[in-house]
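Colleague: Input file: final-v1.txt. Contents: compact mmCIF, C-alpha atoms.
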```txt
# COMPACT_ATOMS: atom_id res chain seq x y z
CA MET A 1 6.25 -6.29 -11.01
CA HIS A 2 3.63 -3.71 -12.01
CA ILE A 3 0.23 -5.56 -11.74
CA PRO A 4 -2.30 -4.91 -14.55
CA ASP A 5 -6.07 -4.51 -14.03
CA GLY A 6 -8.34 -7.50 -13.49
CA PHE A 7 -6.11 -9.74 -11.38
CA ILE A 8 -6.82 -8.27 -7.97
CA SER A 9 -10.06 -8.94 -6.06
CA PRO A 10 -12.13 -6.14 -4.51
CA GLN A 11 -11.48 -7.81 -1.12
CA THR A 12 -7.86 -6.77 -1.68
CA TYR A 13 -7.96 -3.50 -3.62
CA LEU A 14 -10.69 -1.76 -1.61
CA PRO A 15 -8.86 -2.04 1.76
CA ALA A 16 -5.61 -1.21 -0.08
CA TYR A 17 -7.23 2.01 -1.36
CA ALA A 18 -8.24 2.90 2.19
CA VAL A 19 -4.67 2.43 3.46
CA ALA A 20 -3.11 4.16 0.45
CA ALA A 21 -5.51 7.14 0.67
CA GLY A 22 -4.51 7.74 4.28
CA LEU A 23 -0.82 7.54 3.40
CA TRP A 24 -1.25 9.82 0.34
CA ALA A 25 -2.96 12.46 2.49
CA TYR A 26 -0.23 12.24 5.13
CA ALA A 27 2.54 12.26 2.51
CA ALA A 28 1.06 15.35 0.82
CA ARG A 29 1.03 17.18 4.17
CA ARG A 30 4.59 16.06 5.00
CA VAL A 31 5.97 17.06 1.61
CA LYS A 32 4.27 20.47 1.83
CA ARG A 33 5.60 21.00 5.35
CA ASP A 34 9.13 19.73 4.79
CA LEU A 35 9.81 21.72 1.67
CA ASP A 36 9.00 25.28 0.67
CA ALA A 37 7.18 26.82 -2.26
CA ASP A 38 9.29 24.70 -4.60
CA THR A 39 7.44 21.56 -3.51
CA LEU A 40 4.87 21.40 -6.28
CA PRO A 41 7.14 21.94 -9.29
CA PHE A 42 9.80 19.64 -7.81
CA LEU A 43 7.24 16.93 -7.16
CA ALA A 44 5.98 17.28 -10.74
CA ALA A 45 9.49 17.17 -12.18
CA TYR A 46 10.50 14.09 -10.16
CA THR A 47 7.25 12.38 -11.09
CA ALA A 48 8.12 12.91 -14.75
CA LEU A 49 11.66 11.72 -14.00
CA SER A 50 10.48 8.48 -12.40
CA PHE A 51 8.02 8.05 -15.28
CA VAL A 52 10.85 8.18 -17.80
CA LEU A 53 13.22 6.13 -15.63
CA MET A 54 10.65 3.34 -15.86
CA MET A 55 11.07 3.56 -19.65
CA VAL A 56 14.89 3.40 -19.60
CA ALA A 57 15.96 -0.13 -20.47
CA LEU A 58 18.85 -1.50 -18.43
CA PRO A 59 20.63 -4.05 -20.63
CA LEU A 60 21.20 -7.42 -18.98
CA PRO A 61 24.04 -9.73 -20.00
CA GLY A 62 22.60 -12.32 -22.39
CA GLY A 63 20.53 -9.91 -24.41
CA GLY A 64 17.55 -9.20 -22.18
CA THR A 65 16.61 -5.87 -20.66
CA ALA A 66 15.16 -4.81 -17.34
CA HIS A 67 13.41 -1.54 -16.65
CA ALA A 68 14.65 0.82 -14.02
CA ALA A 69 12.16 2.30 -11.57
CA GLY A 70 14.28 4.97 -9.92
CA ILE A 71 12.59 4.26 -6.56
CA GLY A 72 15.84 4.04 -4.60
CA LEU A 73 17.30 7.08 -6.35
CA LEU A 74 14.21 9.21 -5.61
CA ALA A 75 13.99 8.04 -1.99
CA VAL A 76 17.62 8.69 -1.04
CA SER A 77 17.71 11.98 -2.96
CA PHE A 78 14.39 13.49 -1.84
CA GLY A 79 13.11 11.41 1.06
CA GLY A 80 10.64 8.56 1.45
CA TRP A 81 7.44 10.58 1.33
CA MET A 82 8.44 12.45 -1.82
CA GLY A 83 9.45 9.14 -3.40
CA PHE A 84 6.13 7.58 -2.40
CA LEU A 85 4.13 10.49 -3.85
CA ALA A 86 6.16 10.65 -7.06
CA ILE A 87 5.86 6.88 -7.71
CA SER A 88 2.12 6.97 -6.87
CA LEU A 89 1.59 9.87 -9.29
CA VAL A 90 3.48 8.00 -12.01
CA LEU A 91 1.30 4.94 -11.51
CA ALA A 92 -1.88 7.09 -11.51
CA MET A 93 -0.71 8.85 -14.67
CA GLN A 94 0.10 5.56 -16.36
CA ALA A 95 -3.32 4.13 -15.44
CA LEU A 96 -5.54 7.15 -16.13
CA LEU A 97 -3.71 9.04 -18.87
CA PHE A 98 -1.70 6.43 -20.76
CA GLY A 99 -3.89 3.37 -20.14
CA ASP A 100 -0.96 1.38 -18.78
CA GLY A 101 -1.24 -0.57 -15.51
CA GLY A 102 -4.60 -0.42 -13.82
CA ILE A 103 -6.89 1.50 -11.53
CA THR A 104 -7.71 -1.56 -9.38
CA ALA A 105 -4.02 -2.42 -9.06
CA LEU A 106 -2.99 1.19 -8.38
CA PRO A 107 -3.09 1.09 -4.55
CA ILE A 108 -1.23 -2.24 -4.42
CA ASN A 109 1.44 -1.00 -6.83
CA ALA A 110 1.70 2.32 -4.96
CA LEU A 111 1.98 0.64 -1.55
CA ALA A 112 4.47 -1.96 -2.77
CA MET A 113 6.67 0.06 -5.12
CA GLY A 114 6.08 3.60 -3.83
CA PHE A 115 5.75 3.18 -0.07
CA THR A 116 7.62 -0.03 0.77
CA GLY A 117 10.22 0.49 -1.96
CA SER A 118 10.96 4.09 -0.93
CA PHE A 119 11.16 3.48 2.80
CA ALA A 120 13.13 0.24 2.45
CA ALA A 121 15.63 2.14 0.29
CA LEU A 122 15.81 4.94 2.82
CA ALA A 123 16.34 2.46 5.68
CA ALA A 124 19.18 0.72 3.78
CA TRP A 125 20.74 4.09 2.97
CA LYS A 126 20.63 5.20 6.62
CA LEU A 127 21.71 1.84 8.02
CA PHE A 128 24.72 1.29 5.78
CA GLY A 129 25.52 4.91 4.88
CA ARG A 130 28.01 5.26 7.73
CA LEU A 131 29.92 2.16 6.68
CA ASN A 132 30.26 2.81 2.97
CA GLU A 133 28.23 5.27 0.91
CA ASN A 134 28.42 3.35 -2.39
CA VAL A 135 27.44 0.05 -0.77
CA ALA A 136 24.52 1.80 0.98
CA LEU A 137 23.34 3.36 -2.28
CA PHE A 138 23.60 0.04 -4.11
CA LEU A 139 21.67 -1.76 -1.36
CA ALA A 140 19.05 1.01 -1.34
CA GLY A 141 18.45 0.49 -5.06
CA TRP A 142 18.48 -3.28 -4.78
CA ILE A 143 16.05 -3.50 -1.87
CA SER A 144 13.71 -0.93 -3.47
CA ILE A 145 13.04 -3.56 -6.15
CA ALA A 146 13.49 -6.80 -4.19
CA LEU A 147 11.13 -6.06 -1.28
CA PRO A 148 8.21 -4.73 -3.38
CA SER A 149 8.50 -7.80 -5.61
CA VAL A 150 7.98 -10.01 -2.53
CA LEU A 151 4.88 -7.98 -1.58
CA VAL A 152 3.45 -8.10 -5.10
CA ALA A 153 4.06 -11.87 -5.23
CA LEU A 154 2.29 -12.28 -1.86
CA VAL A 155 -0.71 -10.17 -2.94
CA LEU A 156 -1.07 -12.04 -6.23
CA GLY A 157 -0.44 -15.42 -4.64
CA ILE A 158 -3.21 -15.07 -2.05
CA GLN A 159 -5.86 -14.19 -4.67
CA PRO A 160 -6.92 -17.85 -5.29
CA LEU A 161 -7.37 -18.26 -1.52
CA ILE A 162 -9.51 -15.17 -0.91
CA ALA A 163 -11.57 -15.07 -4.10
CA GLN A 164 -12.87 -18.34 -5.49
CA SER A 165 -16.12 -19.60 -7.01
CA ALA A 166 -18.47 -22.07 -5.31
CA GLN A 167 -16.62 -24.84 -7.19
CA GLY A 168 -13.27 -23.62 -5.83
CA ALA A 169 -12.03 -22.08 -9.11
CA PRO A 170 -10.02 -18.84 -8.79
CA LEU A 171 -11.96 -15.67 -9.69
CA PHE A 172 -8.94 -13.40 -10.15
CA PHE A 173 -5.21 -14.19 -10.36
CA PRO A 174 -5.14 -17.99 -10.68
CA PHE A 175 -1.71 -18.96 -9.29
CA GLY A 176 -0.84 -19.51 -5.64
CA LEU A 177 2.19 -18.47 -3.60
CA GLU A 178 4.18 -21.58 -4.61
CA ILE A 179 4.27 -20.14 -8.15
CA THR A 180 4.17 -16.36 -7.64
CA LEU A 181 7.01 -16.16 -5.12
CA PRO A 182 9.71 -17.80 -7.29
CA ALA A 183 8.31 -16.48 -10.59
CA ILE A 184 8.20 -12.84 -9.47
CA VAL A 185 10.86 -12.54 -6.79
CA LEU A 186 13.79 -14.40 -8.39
CA PRO A 187 14.00 -12.27 -11.58
CA HIS A 188 13.62 -9.10 -9.49
CA LEU A 189 16.57 -10.06 -7.30
CA LEU A 190 18.61 -9.74 -10.53
CA VAL A 191 16.80 -6.63 -11.75
CA GLY A 192 17.60 -5.12 -8.34
CA ILE A 193 21.32 -5.37 -9.17
CA ALA A 194 20.82 -3.10 -12.19
CA GLU A 195 18.65 -0.77 -10.10
CA GLY A 196 21.38 -0.68 -7.43
CA GLY A 197 23.93 0.39 -10.05
CA LEU A 198 21.56 3.07 -11.33
CA THR A 199 21.07 4.37 -7.79
CA VAL A 200 24.84 4.70 -7.17
CA LEU A 201 25.53 6.47 -10.48
CA GLY A 202 22.31 8.54 -10.46
CA TYR A 203 22.87 9.76 -6.91
CA ARG A 204 26.45 10.82 -7.64
CA TYR A 205 25.32 12.65 -10.77
CA PHE A 206 22.40 14.31 -8.96
CA ALA A 207 24.66 15.54 -6.15
CA ARG A 208 27.15 17.01 -8.63
CA LEU A 209 24.40 18.72 -10.60
CA ARG A 210 22.74 20.19 -7.51
CA ALA A 211 26.07 21.58 -6.33
CA LYS A 212 26.63 23.12 -9.76
CA LEU A 213 23.14 24.67 -9.78
CA ALA A 214 23.64 26.08 -6.27
CA THR A 215 26.78 28.00 -7.26
CA MET B 1 -20.66 18.30 -10.74
CA ASN B 2 -18.99 18.89 -14.11
CA ARG B 3 -19.24 16.41 -17.01
CA ASP B 4 -15.71 15.06 -16.58
CA ARG B 5 -16.10 14.45 -12.85
CA ALA B 6 -19.36 12.59 -13.59
CA ALA B 7 -17.48 10.51 -16.18
CA LEU B 8 -14.77 9.69 -13.62
CA LEU B 9 -17.41 8.63 -11.09
CA LEU B 10 -19.20 6.51 -13.70
CA TYR B 11 -15.90 4.90 -14.70
CA LEU B 12 -15.06 4.03 -11.09
CA ILE B 13 -18.53 2.52 -10.53
CA ALA B 14 -18.17 0.47 -13.74
CA VAL B 15 -14.73 -0.76 -12.63
CA LEU B 16 -16.11 -1.81 -9.24
CA ALA B 17 -19.04 -3.59 -10.91
CA ALA B 18 -16.68 -5.41 -13.30
CA THR B 19 -14.77 -6.84 -10.34
CA LEU B 20 -17.91 -7.78 -8.38
CA ILE B 21 -19.52 -9.68 -11.28
CA HIS B 22 -18.14 -13.17 -11.92
CA ASP B 23 -20.53 -14.62 -14.48
CA PRO B 24 -18.80 -14.64 -17.91
CA VAL B 25 -22.14 -13.92 -19.62
CA TRP B 26 -22.57 -10.68 -17.65
CA LEU B 27 -18.93 -9.75 -18.18
CA ALA B 28 -19.39 -10.25 -21.93
CA ALA B 29 -22.56 -8.14 -21.79
CA GLY B 30 -20.60 -5.41 -19.96
CA LEU B 31 -17.91 -5.54 -22.64
CA GLY B 32 -20.59 -5.21 -25.33
CA LEU B 33 -22.12 -2.23 -23.53
CA ALA B 34 -18.73 -0.53 -23.12
CA LEU B 35 -18.02 -0.99 -26.84
CA LEU B 36 -21.49 0.32 -27.72
CA ALA B 37 -20.79 3.38 -25.56
CA SER B 38 -17.51 3.86 -27.45
CA GLY B 39 -19.49 4.50 -30.66
CA ARG B 40 -17.34 4.93 -33.75
CA ALA B 41 -14.15 4.61 -31.68
CA ALA B 42 -15.13 1.05 -30.60
CA ALA B 43 -12.89 -0.79 -33.08
CA GLY B 44 -9.87 1.37 -32.22
CA ILE B 45 -10.44 1.06 -28.47
CA LEU B 46 -10.89 -2.72 -28.72
CA ARG B 47 -7.72 -3.06 -30.81
CA ARG B 48 -5.70 -0.94 -28.34
CA ALA B 49 -7.10 -2.89 -25.37
CA LEU B 50 -6.31 -6.24 -27.00
CA LEU B 51 -2.75 -5.16 -27.75
CA ALA B 52 -2.31 -3.82 -24.19
CA VAL B 53 -3.38 -7.06 -22.49
CA LEU B 54 -2.12 -9.58 -25.05
CA ALA B 55 1.36 -10.38 -23.72
CA PHE B 56 0.51 -10.63 -20.00
CA ASN B 57 -2.79 -12.45 -20.47
CA LEU B 58 -1.36 -14.87 -22.99
CA ALA B 59 1.43 -15.81 -20.59
CA ILE B 60 -0.99 -16.28 -17.68
CA SER B 61 -3.58 -18.15 -19.77
CA LEU B 62 -1.08 -20.55 -21.36
CA SER B 63 0.58 -21.28 -18.01
CA TYR B 64 -2.81 -21.92 -16.40
CA ALA B 65 -3.90 -24.16 -19.29
CA VAL B 66 -0.69 -26.21 -18.94
CA MET B 67 -1.20 -26.47 -15.16
CA ALA B 68 -4.82 -27.58 -15.71
CA TRP B 69 -3.71 -30.20 -18.24
CA LEU B 70 -1.04 -31.55 -15.86
CA GLN B 71 -3.44 -31.62 -12.90
CA ASP B 72 -6.36 -32.84 -15.02
CA PHE B 73 -9.04 -30.19 -14.50
CA SER B 74 -10.90 -27.90 -16.91
CA PRO B 75 -9.42 -24.38 -17.10
CA TRP B 76 -11.96 -22.86 -19.52
CA GLN B 77 -14.43 -21.24 -17.11
CA THR B 78 -11.58 -19.52 -15.23
CA LEU B 79 -9.74 -18.48 -18.40
CA ILE B 80 -12.86 -17.06 -20.10
CA ARG B 81 -13.84 -15.14 -16.95
CA LEU B 82 -10.31 -13.82 -16.36
CA ASN B 83 -9.71 -12.69 -19.94
CA LEU B 84 -13.17 -11.13 -20.30
CA ARG B 85 -12.73 -9.20 -17.05
CA VAL B 86 -9.26 -7.94 -17.96
CA LEU B 87 -10.44 -6.91 -21.44
CA LEU B 88 -13.56 -5.19 -20.03
CA LEU B 89 -11.50 -3.21 -17.48
CA THR B 90 -8.97 -2.20 -20.13
CA VAL B 91 -11.70 -1.12 -22.58
CA LEU B 92 -13.31 0.91 -19.77
CA SER B 93 -9.97 2.63 -19.07
CA PHE B 94 -9.38 3.49 -22.74
CA LEU B 95 -12.99 4.68 -23.08
CA PHE B 96 -12.55 6.96 -20.06
CA ILE B 97 -9.24 8.30 -21.40
CA ALA B 98 -10.84 8.96 -24.82
CA ARG B 99 -14.00 10.63 -23.50
CA ALA B 100 -13.07 12.50 -20.33
CA ASN B 101 -10.57 15.15 -19.32
CA LEU B 102 -8.88 13.96 -16.14
CA PHE B 103 -7.58 17.44 -15.33
CA ARG B 104 -11.09 18.91 -15.33
CA ALA B 105 -12.36 15.91 -13.34
CA LEU B 106 -9.79 16.65 -10.60
CA ASP B 107 -10.14 20.46 -10.65
CA PHE B 108 -11.53 20.48 -7.08
CA SER B 109 -7.88 20.48 -5.97
CA GLN B 110 -5.69 23.22 -7.44
CA GLY B 111 -2.49 21.56 -6.20
CA LEU B 112 -3.35 18.11 -7.57
CA THR B 113 -4.42 19.46 -10.98
CA TYR B 114 -1.26 21.54 -11.14
CA VAL B 115 1.14 18.71 -10.21
CA LEU B 116 -0.60 16.28 -12.56
CA GLY B 117 -0.65 18.80 -15.44
CA LEU B 118 3.00 19.70 -15.03
CA ALA B 119 4.10 16.08 -14.56
CA TYR B 120 2.05 14.95 -17.56
CA SER B 121 3.42 17.61 -19.91
CA GLN B 122 6.96 16.88 -18.70
CA ALA B 123 6.37 13.13 -19.09
CA LEU B 124 5.21 13.63 -22.68
CA ILE B 125 8.38 15.60 -23.48
CA PHE B 126 10.52 12.95 -21.77
CA ARG B 127 8.75 10.13 -23.60
CA ARG B 128 9.45 11.79 -26.95
CA ALA B 129 13.08 12.41 -25.94
CA HIS B 130 13.42 8.78 -24.82
CA GLU B 131 12.21 7.61 -28.23
CA ASP B 132 14.68 10.02 -29.91
CA PHE B 133 17.55 8.57 -27.85
CA ARG B 134 16.55 5.06 -28.84
CA LEU B 135 16.36 5.96 -32.52
CA ALA B 136 19.67 7.83 -32.30
CA LEU B 137 21.44 4.73 -30.95
CA ASP B 138 19.87 2.54 -33.64
CA SER B 139 20.72 4.93 -36.46
CA ARG B 140 24.36 5.20 -35.34
CA SER B 141 24.87 1.46 -35.09
CA LEU B 142 25.48 -0.63 -38.19
CA ARG B 143 25.17 -3.82 -36.17
CA ARG B 144 23.34 -4.57 -32.92
CA PRO B 145 25.01 -2.32 -30.27
CA ARG B 146 27.33 -4.08 -27.83
CA LEU B 147 26.30 -4.43 -24.18
CA ILE B 148 28.78 -1.74 -23.12
CA ASP B 149 27.40 0.67 -25.77
CA ARG B 150 23.86 0.05 -24.57
CA TYR B 151 24.96 0.72 -20.98
CA ARG B 152 26.60 3.96 -22.08
CA ALA B 153 23.50 5.00 -24.03
CA SER B 154 21.21 4.25 -21.05
CA ALA B 155 23.53 6.13 -18.68
CA ALA B 156 23.69 9.16 -21.00
CA ALA B 157 19.91 9.20 -21.38
CA THR B 158 19.40 8.92 -17.60
CA ALA B 159 21.87 11.75 -16.97
CA TRP B 160 20.05 13.92 -19.52
CA PHE B 161 16.68 13.22 -17.88
CA ILE B 162 18.02 13.97 -14.39
CA GLU B 163 19.54 17.25 -15.55
CA LYS B 164 16.40 18.23 -17.47
CA SER B 165 14.09 17.49 -14.53
CA LEU B 166 16.21 19.55 -12.13
CA HIS B 167 16.18 22.50 -14.54
CA ALA B 168 12.45 22.11 -15.23
CA ALA B 169 11.65 22.10 -11.49
CA THR B 170 13.78 25.17 -10.83
CA GLN B 171 12.32 27.05 -13.80
CA SER B 172 8.71 26.17 -12.89
CA ALA B 173 9.22 27.25 -9.27
CA GLN B 174 10.68 30.58 -10.38
CA ALA B 175 7.91 31.13 -12.96
CA LEU B 176 5.16 30.34 -10.45
CA ARG B 177 6.71 32.48 -7.72
CA SER B 178 7.05 35.44 -10.07
CA ARG B 179 3.35 35.10 -11.02
CA GLY B 180 2.21 34.93 -7.38
CA PHE B 181 0.90 31.33 -7.55
CA PHE B 182 2.04 30.60 -3.99
CA ASN B 183 0.52 33.82 -2.59
CA ASP B 184 -3.09 32.76 -3.29
```
How does this structure look as structure tokens?

Modeller:
Amino acid sequence: MHIPDGFISPQTYLPAYAVAAGLWAYAARRVKRDLDADTLPFLAAYTALSFVLMMVALPLPGGGTAHAAGIGLLAVSFGGWMGFLAISLVLAMQALLFGDGGITALPINALAMGFTGSFAALAAWKLFGRLNENVALFLAGWISIALPSVLVALVLGIQPLIAQSAQGAPLFFPFGLEITLPAIVLPHLLVGIAEGGLTVLGYRYFARLRAKLAT
Amino acid sequence: MNRDRAALLLYLIAVLAATLIHDPVWLAAGLGLALLASGRAAAGILRRALLAVLAFNLAISLSYAVMAWLQDFSPWQTLIRLNLRVLLLTVLSFLFIARANLFRALDFSQGLTYVLGLAYSQALIFRRAHEDFRLALDSRSLRRPRLIDRYRASAAATAWFIEKSLHAATQSAQALRSRGFFND
């Protein structure tokens, strides 16, 4: 889902930076206000956690693997804004310190995975939490992958329409929506199942650990 | 403006230029310039960049070539431009990482530098631990681990990372509070 550099046009990434910058500034203020002096170290620790969760391979039946993102787990455990900031920091770290991902794709990835993923997970958690906690957690994890994959597919799929040469050839990502939507969304609907499982188990473990640390 | 902040600014301008230029000749010239600026590290940076983009770009390029063949149009101009641009942007990123210190470039914000520094050091520790977990599973398995064993290994690793990050956050907060970081 994570878009690399060079596939997104400036007509897309420059406005996305403007939107993301506003949301990052607001999120930083919210996180500072909502939490106490522990905010900074906690944010750093959860950023590192989501970084490593993206490295944990979730085995899929048939031999393949999918990579967790921990978006749902972070959002339901620490709130949407914290999740958004942590995922954005991971993406920035990957792009500027590890050379993975890209600086032009950063705002799109942050808005899709960090913002939409976190708040969709939080909405699912709040909406279904009263009915059944495990189902709500699973759905939070699943939607935190499924919805961003739709956004990423849309952003990539519109590139040939908004950036093309005088001869009509695509200047950036060359495939349209008829290809990006099934190619990106369908596998992520399955990856979301693994992410949902991780969210249920991770949340339960987190809650137990926090209770143990508090005593 | 310090040297690293100037490097960050230069990198961002170069990235913007690389996405505004569409002529493959100019993109190739930009790639040549970036490699020249890399000096002795040029071969290493180019090799790393090629390895980083190989899988994704190969998949995109082959799919586009097949589509072009089926729909009977020439894909070469698009493929050359796309691959040159991606390679140029990746070389620029690796050049920036090799030459500049991101923490000094962002030192205008104490909070941002602090979070990034702490998260980065923690991420490096976690990355090493993740590799250790992977090697541990491999070394304990005579044959390819079963699906259930791989699930168990992933779950154990995730639990370890969650526990470690909670402890690290608590410890850092206590250490910073005791040193008066939050009183400034």

Colleague: Using all atoms listed in the file, can you tell me which of A:Pro160, A:Gly80, A:Pro170, A:Pro4 comes closest to Gly99 in chain A?

Modeller: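 Closest residue, counting all atoms listed in the file: A:Pro4.
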
Colleague: Which one is closest to Phe161 in chain B: B:Arg128, B:Arg47, B:Arg146, B:Arg99? Count all atoms listed in the file.

Modeller: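 Looking at the shortest contact to Phe161 in chain B, the residue is B:Arg128.
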
Colleague: Near Arg104 in chain B, counting all atoms listed in the file, which residues have an atom at most 9 Å away, once you skip same-chain residues fewer than 3 positions from it, shown as a VMD selection string?

Modeller: chain B and resid 2 to 5 100 to 101 107 to 108 113

Colleague: Rank nothing, just name the residue among A:Leu111, A:Leu190, A:Ile179, A:Ala153 nearest to chain B, using all atoms listed in the file.

Modeller: A:Ile179

Colleague: If I take CA of Ala183 in chain A and CA of Ser88 in chain A, how far is one from the other in Å, to one decimal?

Modeller: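 Interatomic distance here is 24.5 Å.
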
Colleague: So that I can see what lies close to Arg30 in chain A, please list as a ChimeraX atom specification the residues with an atom at most 12 Å from it, counting all atoms listed in the file and leaving out residues fewer than 6 positions away in the same chain.

Modeller: /A:23-24,36,39,79-85

Colleague: Applying 12 Å and all atoms listed in the file, which residues near Ala55 in chain B remain after dropping the ones on its own chain fewer than 6 positions away? List them as JSON, numbers by chain.

Modeller: {"A": [4], "B": [49, 61, 62, 83]}

Colleague: When you draw a straight line from CA of Gly129 in chain A to CA of Ala169 in chain B, how long is it in Å?

Modeller: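 Distance between the two atoms: 27.5 Å.
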
Colleague: I'd like to know which of A:Pro187, A:Pro174, A:Gly22, A:Pro148 is closest to chain B, using only C-alpha atoms.

Modeller: A:Pro174

Colleague: Counting all atoms listed in the file, collect the residues of chain B whose closest atom lies at most 6 Å from chain A, and write them out as a list in words.

Modeller: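 Applying the cut-off to the listed atoms yields Arg85, Val86, Val115, Leu118, Ala119, Gln122, Ala123, Ser165, Ala169, Ser172 and Ala173 of chain B.
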
Colleague: Report, in Å to a single decimal, how far apart CA of Val185 in chain A and CA of Trp69 in chain B are.

Modeller: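 Calculated distance between CA of Trp69 in chain B and CA of Val185 in chain A is 25.6 Å.
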
Colleague: Around all the atoms of range 69-85 of chain B listed in the file, with 6 Å of room on each side, what axis-aligned box do you get, giving centre and edge lengths in Å to one decimal, as AutoDock Vina command-line options?

Modeller:
```
--center_x -7.7 --center_y -21.0 --center_z -16.6 --size_x 25.4 --size_y 35.6 --size_z 19.4
```

Colleague: So, counting only C-alpha atoms, which residue among B:Leu31, B:Leu166, B:Leu142, B:Leu12 is closest to Leu84 in chain B?

Modeller: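 Using only C-alpha atoms, Leu84 in chain B sits closest to B:Leu31.
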
Colleague: Please provide the set of residues having any atom within 9 Å of range 133-140 of chain B, restricted to only C-alpha atoms, with same-chain residues fewer than 2 positions apart removed, written as a VMD selection string.

Modeller: chain B and resid 128 to 131 142 to 145 149 to 150 153 to 154 157

Colleague: Nearest residue to Ala59 in chain B out of B:Leu106, B:Ala175, B:Leu79, B:Gly44, using all atoms listed in the file?

Modeller: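 Between B:Leu106, B:Ala175, B:Leu79, B:Gly44, the residue approaching Ala59 in chain B most closely is B:Leu79.
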
Colleague: Mind checking which residues fall within 12 Å of range 32-35 of chain B, counting only C-alpha atoms, ignoring those fewer than 4 positions away in the same chain, and posting them as number ranges by chain?

Modeller: B: 10-11, 14-15, 18, 25-28, 39-47, 49, 84, 87-96
